[in-house]
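The structure appears below as structure tokens.
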Amino acid sequence: MAFRLVSTDGDQVFELKRGAALTVGRALSSDVALLDPTVSRRHASLVADESGIELNDLGSSNGTFVNGARVEHARLAAGDLLTFGKLTFNVSESPASENGTDGQGARHAPTIVRQRAVPDAKQAFAEALRASGSQLVVDETAIVLPDEQRVRQKLTLLLECSKALTRAPDVATLLERIVEMVFQILEVDRFAILLLDEQQDLIPSIARDRSGANLGRTVPLSIARKAIEEKVAILSDNAPEDVRFSGSIVHQQVRSAVCAPLIGTENRVAGVLYVDSLTSAHRFSEEDLDFVVAFSGIVAVAIENSRFAERIRHETLVRSNFERFFTPRMAARIASSADAIQLGGERRFVTVLFADIRDFTPLSAAMAPDATALLLTEFFTEMVECVFRHGGTLDKFIGDAVMAQWGAPITEPDDADRALEAAVDMMRSLERLNTRWRVQSRPQLQIGIGLNFGEAFAGNIGSQRRLEFTVIGDTVNTANRLCAWAEGGEILITQAMRDALTHSHQLVERPPLKLRGKAEPVVVYRALA
């Protein structure tokens, strides 16, 4: 049977190697290192065997207690309460799986490993603040007092880290700054951060040694997964003898290591932060563990904020491109898509509208250029508003024509109906424009509109420097050619468009039209405005 000591708050766990004489004390060289001022540097010794634990007090100032009674020597069993100074632990049996045994005592965990429950970032930092200002009851026989100046220095560094990391413009820069700070603050040989991707796989984001060299995978995944799943920070005093570390870490000659989860807001885990030493065991103290926990909380929030800022910049870029073609509400929905500005696209069913000014070429030839530009600006403004009012997408302006579509990148069940309503709205809006222009003695315009429904390619076409969302294919070509046949004030739709309508509309069948590219005449309907 193997035993362990578990602190009453569950933050510290010590696995006891069977048959080994383990020293309990505040000294960093202790097998069970308790960095508390009420614990003597050499406080007690423990020897675990098959049936229990032999305890001997080593002349401690504040005493050793078993179930509340002060003792010099005692025999401990599972269920006993053991107190050193003011720190109390439960004596319990170690599960075989955590001690590396086969259930028959064939193999045991041969190292002292501590783990600390990790709060969220705000709580971790608050605890670091409280610890820096706490009143300690100091062991009067201690040779070395707690270094309050060092504690204050680390607290100051935490505050500086918090400020510096919030100024990082992106995640890559942020990770570089984190590396610099870790090697400045902690005596470590290597450092790594692994972040969870969308599939919850751990992906190495950065791994460096003190010389600045990039490293491969340095973090034992079994330890990283435990840190993430149980939200605990893990400290190993002697990694080569810790059965929970993989063989690769032993081969890398790791002596001491700390692995802490990166827990941001709303208690979400983003990944792990890992540091190790290749030169000495017992390199990290409980104070270092507390510091890494607090620092990891700051790092987690900084990464979270940096990712959020990158997403905002991404969405701003997308919206700056798409707000020219979509309503603000639609542009915001598209911008939230992770792949919104990638090249490529997909085949979708869409409704396509073309509206073209009739006989505009001879009209514009008789007008001054600025008057032509003003007339088109006012015309296009009204037509685009009609498209947006009915949830459509402005595809492009082609000379004096407007192309719009419904169905990409977001499809609604009544896309065809809304497109036809937009066409009717265009005709009525143009009537109002002509009334105003007539009073101003300006030219009168007439438009013809063609609509078609069908499958088309929809996506971002262009280069990474300039992308335009558009739809292409036979469905688009047919709508364009139908528009060319429409007379001024006429809205023409295809049979496919009529079949796609879900509401009742006033339609009149026209004689079929022979369109370029079509082997058979196309059945056409005229929509009444």
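Chain lettering (A, B, ...) mirrors the order of the structure tokens, residue numbering begins at 1 for each chain separately, and ligand numbering begins at 1 in order of display.
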_Who sits within 7 Å of stretch 400-408 of chain A, only C-alpha atoms, same chain under 4 positions skipped, as an MDAnalysis selection string_ = chainID A and resid 348:357 392:396 412 415 419 458
Emit the selected residues as a short mmCIF file (atom, residue, chain, number, x, y, z; two decimals), in the first residue's frame, including N, CA, C and O atoms.
data_model
loop_
_atom_site.label_atom_id
_atom_site.label_comp_id
_atom_site.auth_asym_id
_atom_site.auth_seq_id
_atom_site.Cartn_x
_atom_site.Cartn_y
_atom_site.Cartn_z
N ARG A 348 -24.27 27.79 -54.77
CA ARG A 348 -25.46 28.06 -53.97
C ARG A 348 -26.61 28.41 -54.92
O ARG A 348 -26.40 28.84 -56.05
N PHE A 349 -27.84 28.26 -54.40
CA PHE A 349 -29.00 28.71 -55.14
C PHE A 349 -29.24 30.18 -54.80
O PHE A 349 -29.35 30.54 -53.63
N VAL A 350 -29.29 31.01 -55.83
CA VAL A 350 -29.41 32.45 -55.63
C VAL A 350 -30.47 33.02 -56.56
O VAL A 350 -30.85 32.42 -57.57
N THR A 351 -30.94 34.22 -56.17
CA THR A 351 -31.81 35.01 -57.05
C THR A 351 -31.00 36.22 -57.51
O THR A 351 -30.44 36.94 -56.68
N VAL A 352 -30.92 36.43 -58.81
CA VAL A 352 -30.08 37.50 -59.37
C VAL A 352 -30.97 38.54 -60.04
O VAL A 352 -31.92 38.20 -60.76
N LEU A 353 -30.66 39.82 -59.79
CA LEU A 353 -31.41 40.94 -60.36
C LEU A 353 -30.46 41.86 -61.13
O LEU A 353 -29.38 42.21 -60.62
N PHE A 354 -30.85 42.23 -62.33
CA PHE A 354 -30.16 43.28 -63.09
C PHE A 354 -31.17 44.39 -63.37
O PHE A 354 -32.30 44.12 -63.78
N ALA A 355 -30.75 45.64 -63.12
CA ALA A 355 -31.57 46.82 -63.45
C ALA A 355 -30.70 47.76 -64.27
O ALA A 355 -29.63 48.18 -63.82
N ASP A 356 -31.18 48.08 -65.49
CA ASP A 356 -30.36 48.85 -66.42
C ASP A 356 -31.14 50.06 -66.92
O ASP A 356 -32.34 49.95 -67.24
N ILE A 357 -30.48 51.22 -67.00
CA ILE A 357 -31.13 52.42 -67.52
C ILE A 357 -31.27 52.31 -69.04
O ILE A 357 -30.31 51.97 -69.74
N GLY A 392 -31.18 42.30 -49.70
CA GLY A 392 -30.35 41.80 -50.78
C GLY A 392 -28.90 42.20 -50.66
O GLY A 392 -28.50 42.95 -49.75
N THR A 393 -28.08 41.70 -51.57
CA THR A 393 -26.66 41.99 -51.63
C THR A 393 -26.36 42.75 -52.91
O THR A 393 -26.70 42.28 -54.00
N LEU A 394 -25.75 43.92 -52.78
CA LEU A 394 -25.30 44.66 -53.95
C LEU A 394 -24.05 43.96 -54.48
O LEU A 394 -23.03 43.90 -53.80
N ASP A 395 -24.13 43.42 -55.69
CA ASP A 395 -22.97 42.73 -56.26
C ASP A 395 -22.02 43.73 -56.89
O ASP A 395 -20.83 43.75 -56.58
N LYS A 396 -22.54 44.55 -57.80
CA LYS A 396 -21.66 45.54 -58.45
C LYS A 396 -22.48 46.53 -59.29
O LYS A 396 -23.67 46.29 -59.55
N GLU A 412 -32.08 32.82 -47.21
CA GLU A 412 -33.36 32.89 -46.53
C GLU A 412 -34.41 32.19 -47.39
O GLU A 412 -34.29 32.15 -48.62
N ASP A 415 -36.02 34.32 -50.40
CA ASP A 415 -35.11 35.17 -51.18
C ASP A 415 -35.74 35.64 -52.49
O ASP A 415 -35.62 36.82 -52.86
N ALA A 419 -36.48 39.55 -53.60
CA ALA A 419 -35.85 40.12 -54.80
C ALA A 419 -36.89 40.76 -55.71
O ALA A 419 -36.67 41.86 -56.24
N ALA A 458 -20.74 31.21 -55.77
CA ALA A 458 -20.74 32.41 -54.93
C ALA A 458 -19.49 32.41 -54.06
O ALA A 458 -19.19 31.41 -53.41
#
*Secondary structure check, strand (DSSP E) residues of stretch 319-462 of chain A, as JSON, numbers by chain*: {"A": [344, 345, 346, 347, 348, 349, 350, 351, 352, 353, 354, 355, 356, 357, 393, 394, 395, 396, 397, 398, 401, 402, 403, 404, 405, 406, 447, 448, 449, 450, 451, 452, 453, 454, 455, 456, 457, 458, 459, 460, 461, 462]}
*Fewer than 6 positions away in the same chain doesn't count, so skip those; otherwise give me all residues within 7 Å of stretch 39-41 of chain A, counting only C-alpha atoms, as an MDAnalysis selection string.*
chainID A and resid 25:27 60:62 84:85 139 142
Store the residues of this selection in a file with N, CA, C and O atoms, as a PDB file, in the first residue's frame.
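selection17.pdb written:
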ATOM      1  N   GLY A  25      10.177  19.998   5.885  1.00  0.00           N
ATOM      2  CA  GLY A  25      10.699  21.251   6.404  1.00  0.00           C
ATOM      3  C   GLY A  25      10.505  22.404   5.445  1.00  0.00           C
ATOM      4  O   GLY A  25      10.025  22.230   4.329  1.00  0.00           O
ATOM      5  N   ARG A  26      10.906  23.588   5.924  1.00  0.00           N
ATOM      6  CA  ARG A  26      10.752  24.775   5.105  1.00  0.00           C
ATOM      7  C   ARG A  26      11.926  24.956   4.148  1.00  0.00           C
ATOM      8  O   ARG A  26      11.855  25.731   3.191  1.00  0.00           O
ATOM      9  N   ALA A  27      13.028  24.254   4.356  1.00  0.00           N
ATOM     10  CA  ALA A  27      14.181  24.368   3.477  1.00  0.00           C
ATOM     11  C   ALA A  27      13.834  23.831   2.093  1.00  0.00           C
ATOM     12  O   ALA A  27      13.120  22.834   1.964  1.00  0.00           O
ATOM     13  N   SER A  60      11.144  20.543  16.146  1.00  0.00           N
ATOM     14  CA  SER A  60      10.538  21.743  15.561  1.00  0.00           C
ATOM     15  C   SER A  60      10.071  22.706  16.627  1.00  0.00           C
ATOM     16  O   SER A  60       9.762  22.316  17.764  1.00  0.00           O
ATOM     17  N   SER A  61      10.030  23.979  16.302  1.00  0.00           N
ATOM     18  CA  SER A  61       9.603  25.004  17.256  1.00  0.00           C
ATOM     19  C   SER A  61       8.103  24.965  17.504  1.00  0.00           C
ATOM     20  O   SER A  61       7.642  25.063  18.646  1.00  0.00           O
ATOM     21  N   ASN A  62       7.316  24.846  16.429  1.00  0.00           N
ATOM     22  CA  ASN A  62       5.859  24.920  16.572  1.00  0.00           C
ATOM     23  C   ASN A  62       5.190  23.562  16.681  1.00  0.00           C
ATOM     24  O   ASN A  62       3.971  23.468  16.778  1.00  0.00           O
ATOM     25  N   PHE A  84       1.871  20.164  10.705  1.00  0.00           N
ATOM     26  CA  PHE A  84       3.209  20.717  10.897  1.00  0.00           C
ATOM     27  C   PHE A  84       3.046  22.216  11.088  1.00  0.00           C
ATOM     28  O   PHE A  84       2.632  22.912  10.155  1.00  0.00           O
ATOM     29  N   GLY A  85       3.372  22.731  12.307  1.00  0.00           N
ATOM     30  CA  GLY A  85       3.128  24.148  12.563  1.00  0.00           C
ATOM     31  C   GLY A  85       1.642  24.429  12.446  1.00  0.00           C
ATOM     32  O   GLY A  85       0.850  23.954  13.254  1.00  0.00           O
ATOM     33  N   ASP A 139       8.820  31.295  12.473  1.00  0.00           N
ATOM     34  CA  ASP A 139       9.493  30.324  13.330  1.00  0.00           C
ATOM     35  C   ASP A 139      10.702  31.000  13.966  1.00  0.00           C
ATOM     36  O   ASP A 139      11.629  31.428  13.285  1.00  0.00           O
ATOM     37  N   ALA A 142      14.216  29.858  13.038  1.00  0.00           N
ATOM     38  CA  ALA A 142      14.615  29.822  11.634  1.00  0.00           C
ATOM     39  C   ALA A 142      15.898  30.604  11.429  1.00  0.00           C
ATOM     40  O   ALA A 142      16.099  31.669  12.008  1.00  0.00           O
TER      41      ALA A 142
END
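Take the candidates A:Ala78, A:Val522, A:Leu445, A:Leu46 and check each one against A:Met1 using only C-alpha atoms; the shortest distance goes to A:Ala78.
For the set A:Val258, A:Asp359, A:Cys386, A:Gly391, the residue with the smallest atom-to-atom gap to A:Phe291 is A:Val258, counting only C-alpha atoms.
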*In stretch 181-228 of chain A, what's helix (DSSP H, G or I) per DSSP? Answer as a list in words?*
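DSSP on the backbone gives helix (DSSP H, G or I) at Met181, Val182, Phe183, Gln184, Ile185, Leu221, Ser222, Ile223, Ala224, Arg225, Lys226, Ala227 and Ile228 of chain A.
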Store the residues picked out above, limited to N, CA, C and O atoms, as an mmCIF file, in the first residue's frame.
data_model
loop_
_atom_site.group_PDB
_atom_site.id
_atom_site.type_symbol
_atom_site.label_atom_id
_atom_site.label_comp_id
_atom_site.auth_asym_id
_atom_site.auth_seq_id
_atom_site.Cartn_x
_atom_site.Cartn_y
_atom_site.Cartn_z
ATOM 1 N N MET A 181 9.866 37.818 -20.396
ATOM 2 C CA MET A 181 9.540 37.998 -18.987
ATOM 3 C C MET A 181 9.830 36.745 -18.170
ATOM 4 O O MET A 181 10.334 36.820 -17.050
ATOM 5 N N VAL A 182 9.501 35.581 -18.732
ATOM 6 C CA VAL A 182 9.730 34.331 -17.996
ATOM 7 C C VAL A 182 11.211 34.164 -17.678
ATOM 8 O O VAL A 182 11.588 33.857 -16.539
ATOM 9 N N PHE A 183 12.083 34.374 -18.663
ATOM 10 C CA PHE A 183 13.516 34.195 -18.419
ATOM 11 C C PHE A 183 14.085 35.302 -17.532
ATOM 12 O O PHE A 183 15.111 35.116 -16.893
ATOM 13 N N GLN A 184 13.412 36.447 -17.489
ATOM 14 C CA GLN A 184 13.847 37.521 -16.598
ATOM 15 C C GLN A 184 13.472 37.221 -15.151
ATOM 16 O O GLN A 184 14.244 37.495 -14.230
ATOM 17 N N ILE A 185 12.308 36.624 -14.950
ATOM 18 C CA ILE A 185 11.767 36.465 -13.601
ATOM 19 C C ILE A 185 12.182 35.148 -12.955
ATOM 20 O O ILE A 185 12.529 35.105 -11.772
ATOM 21 N N LEU A 221 2.603 15.386 -22.640
ATOM 22 C CA LEU A 221 1.173 15.611 -22.823
ATOM 23 C C LEU A 221 0.347 15.048 -21.681
ATOM 24 O O LEU A 221 -0.735 15.564 -21.384
ATOM 25 N N SER A 222 0.813 13.991 -21.029
ATOM 26 C CA SER A 222 0.052 13.448 -19.896
ATOM 27 C C SER A 222 -0.056 14.474 -18.774
ATOM 28 O O SER A 222 -1.108 14.638 -18.155
ATOM 29 N N ILE A 223 1.040 15.192 -18.529
ATOM 30 C CA ILE A 223 1.033 16.236 -17.495
ATOM 31 C C ILE A 223 0.191 17.422 -17.950
ATOM 32 O O ILE A 223 -0.605 17.977 -17.193
ATOM 33 N N ALA A 224 0.350 17.813 -19.225
ATOM 34 C CA ALA A 224 -0.418 18.956 -19.747
ATOM 35 C C ALA A 224 -1.909 18.671 -19.691
ATOM 36 O O ALA A 224 -2.711 19.535 -19.306
ATOM 37 N N ARG A 225 -2.309 17.456 -20.067
ATOM 38 C CA ARG A 225 -3.734 17.109 -20.043
ATOM 39 C C ARG A 225 -4.276 17.095 -18.623
ATOM 40 O O ARG A 225 -5.399 17.522 -18.378
ATOM 41 N N LYS A 226 -3.493 16.612 -17.685
ATOM 42 C CA LYS A 226 -3.930 16.622 -16.286
ATOM 43 C C LYS A 226 -4.120 18.052 -15.791
ATOM 44 O O LYS A 226 -5.111 18.378 -15.122
ATOM 45 N N ALA A 227 -3.173 18.927 -16.152
ATOM 46 C CA ALA A 227 -3.273 20.330 -15.751
ATOM 47 C C ALA A 227 -4.537 20.966 -16.309
ATOM 48 O O ALA A 227 -5.214 21.748 -15.626
ATOM 49 N N ILE A 228 -4.887 20.613 -17.560
ATOM 50 C CA ILE A 228 -6.066 21.198 -18.195
ATOM 51 C C ILE A 228 -7.351 20.611 -17.635
ATOM 52 O O ILE A 228 -8.281 21.338 -17.268
#
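If only C-alpha atoms are the atoms counted, then among A:Phe453, A:Trp437, A:Tyr525, A:Phe295 the closest residue to A:His505 is A:Tyr525.
For the set A:Glu93, A:Glu54, A:Asp370, A:Asp31, the residue with the smallest atom-to-atom gap to A:Leu76 is A:Glu54, counting only C-alpha atoms.
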*Computed interatomic separation between atom CA of A:Leu433 and atom CA of A:Gln446 (Å)*: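 Taking atom CA of A:Leu433 as the start and atom CA of A:Gln446 as the end point, the length is 10.7 Å.
Closest approach to A:Ser94 among A:His73, A:Arg4, A:Arg358, A:His390: A:Arg4, based on only C-alpha atoms.
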*asked:* When you count only C-alpha atoms, which of these residues is closest to A:Leu16: A:Leu186, A:Ala529, A:Val47, A:Ala33?
replied: A:Val47
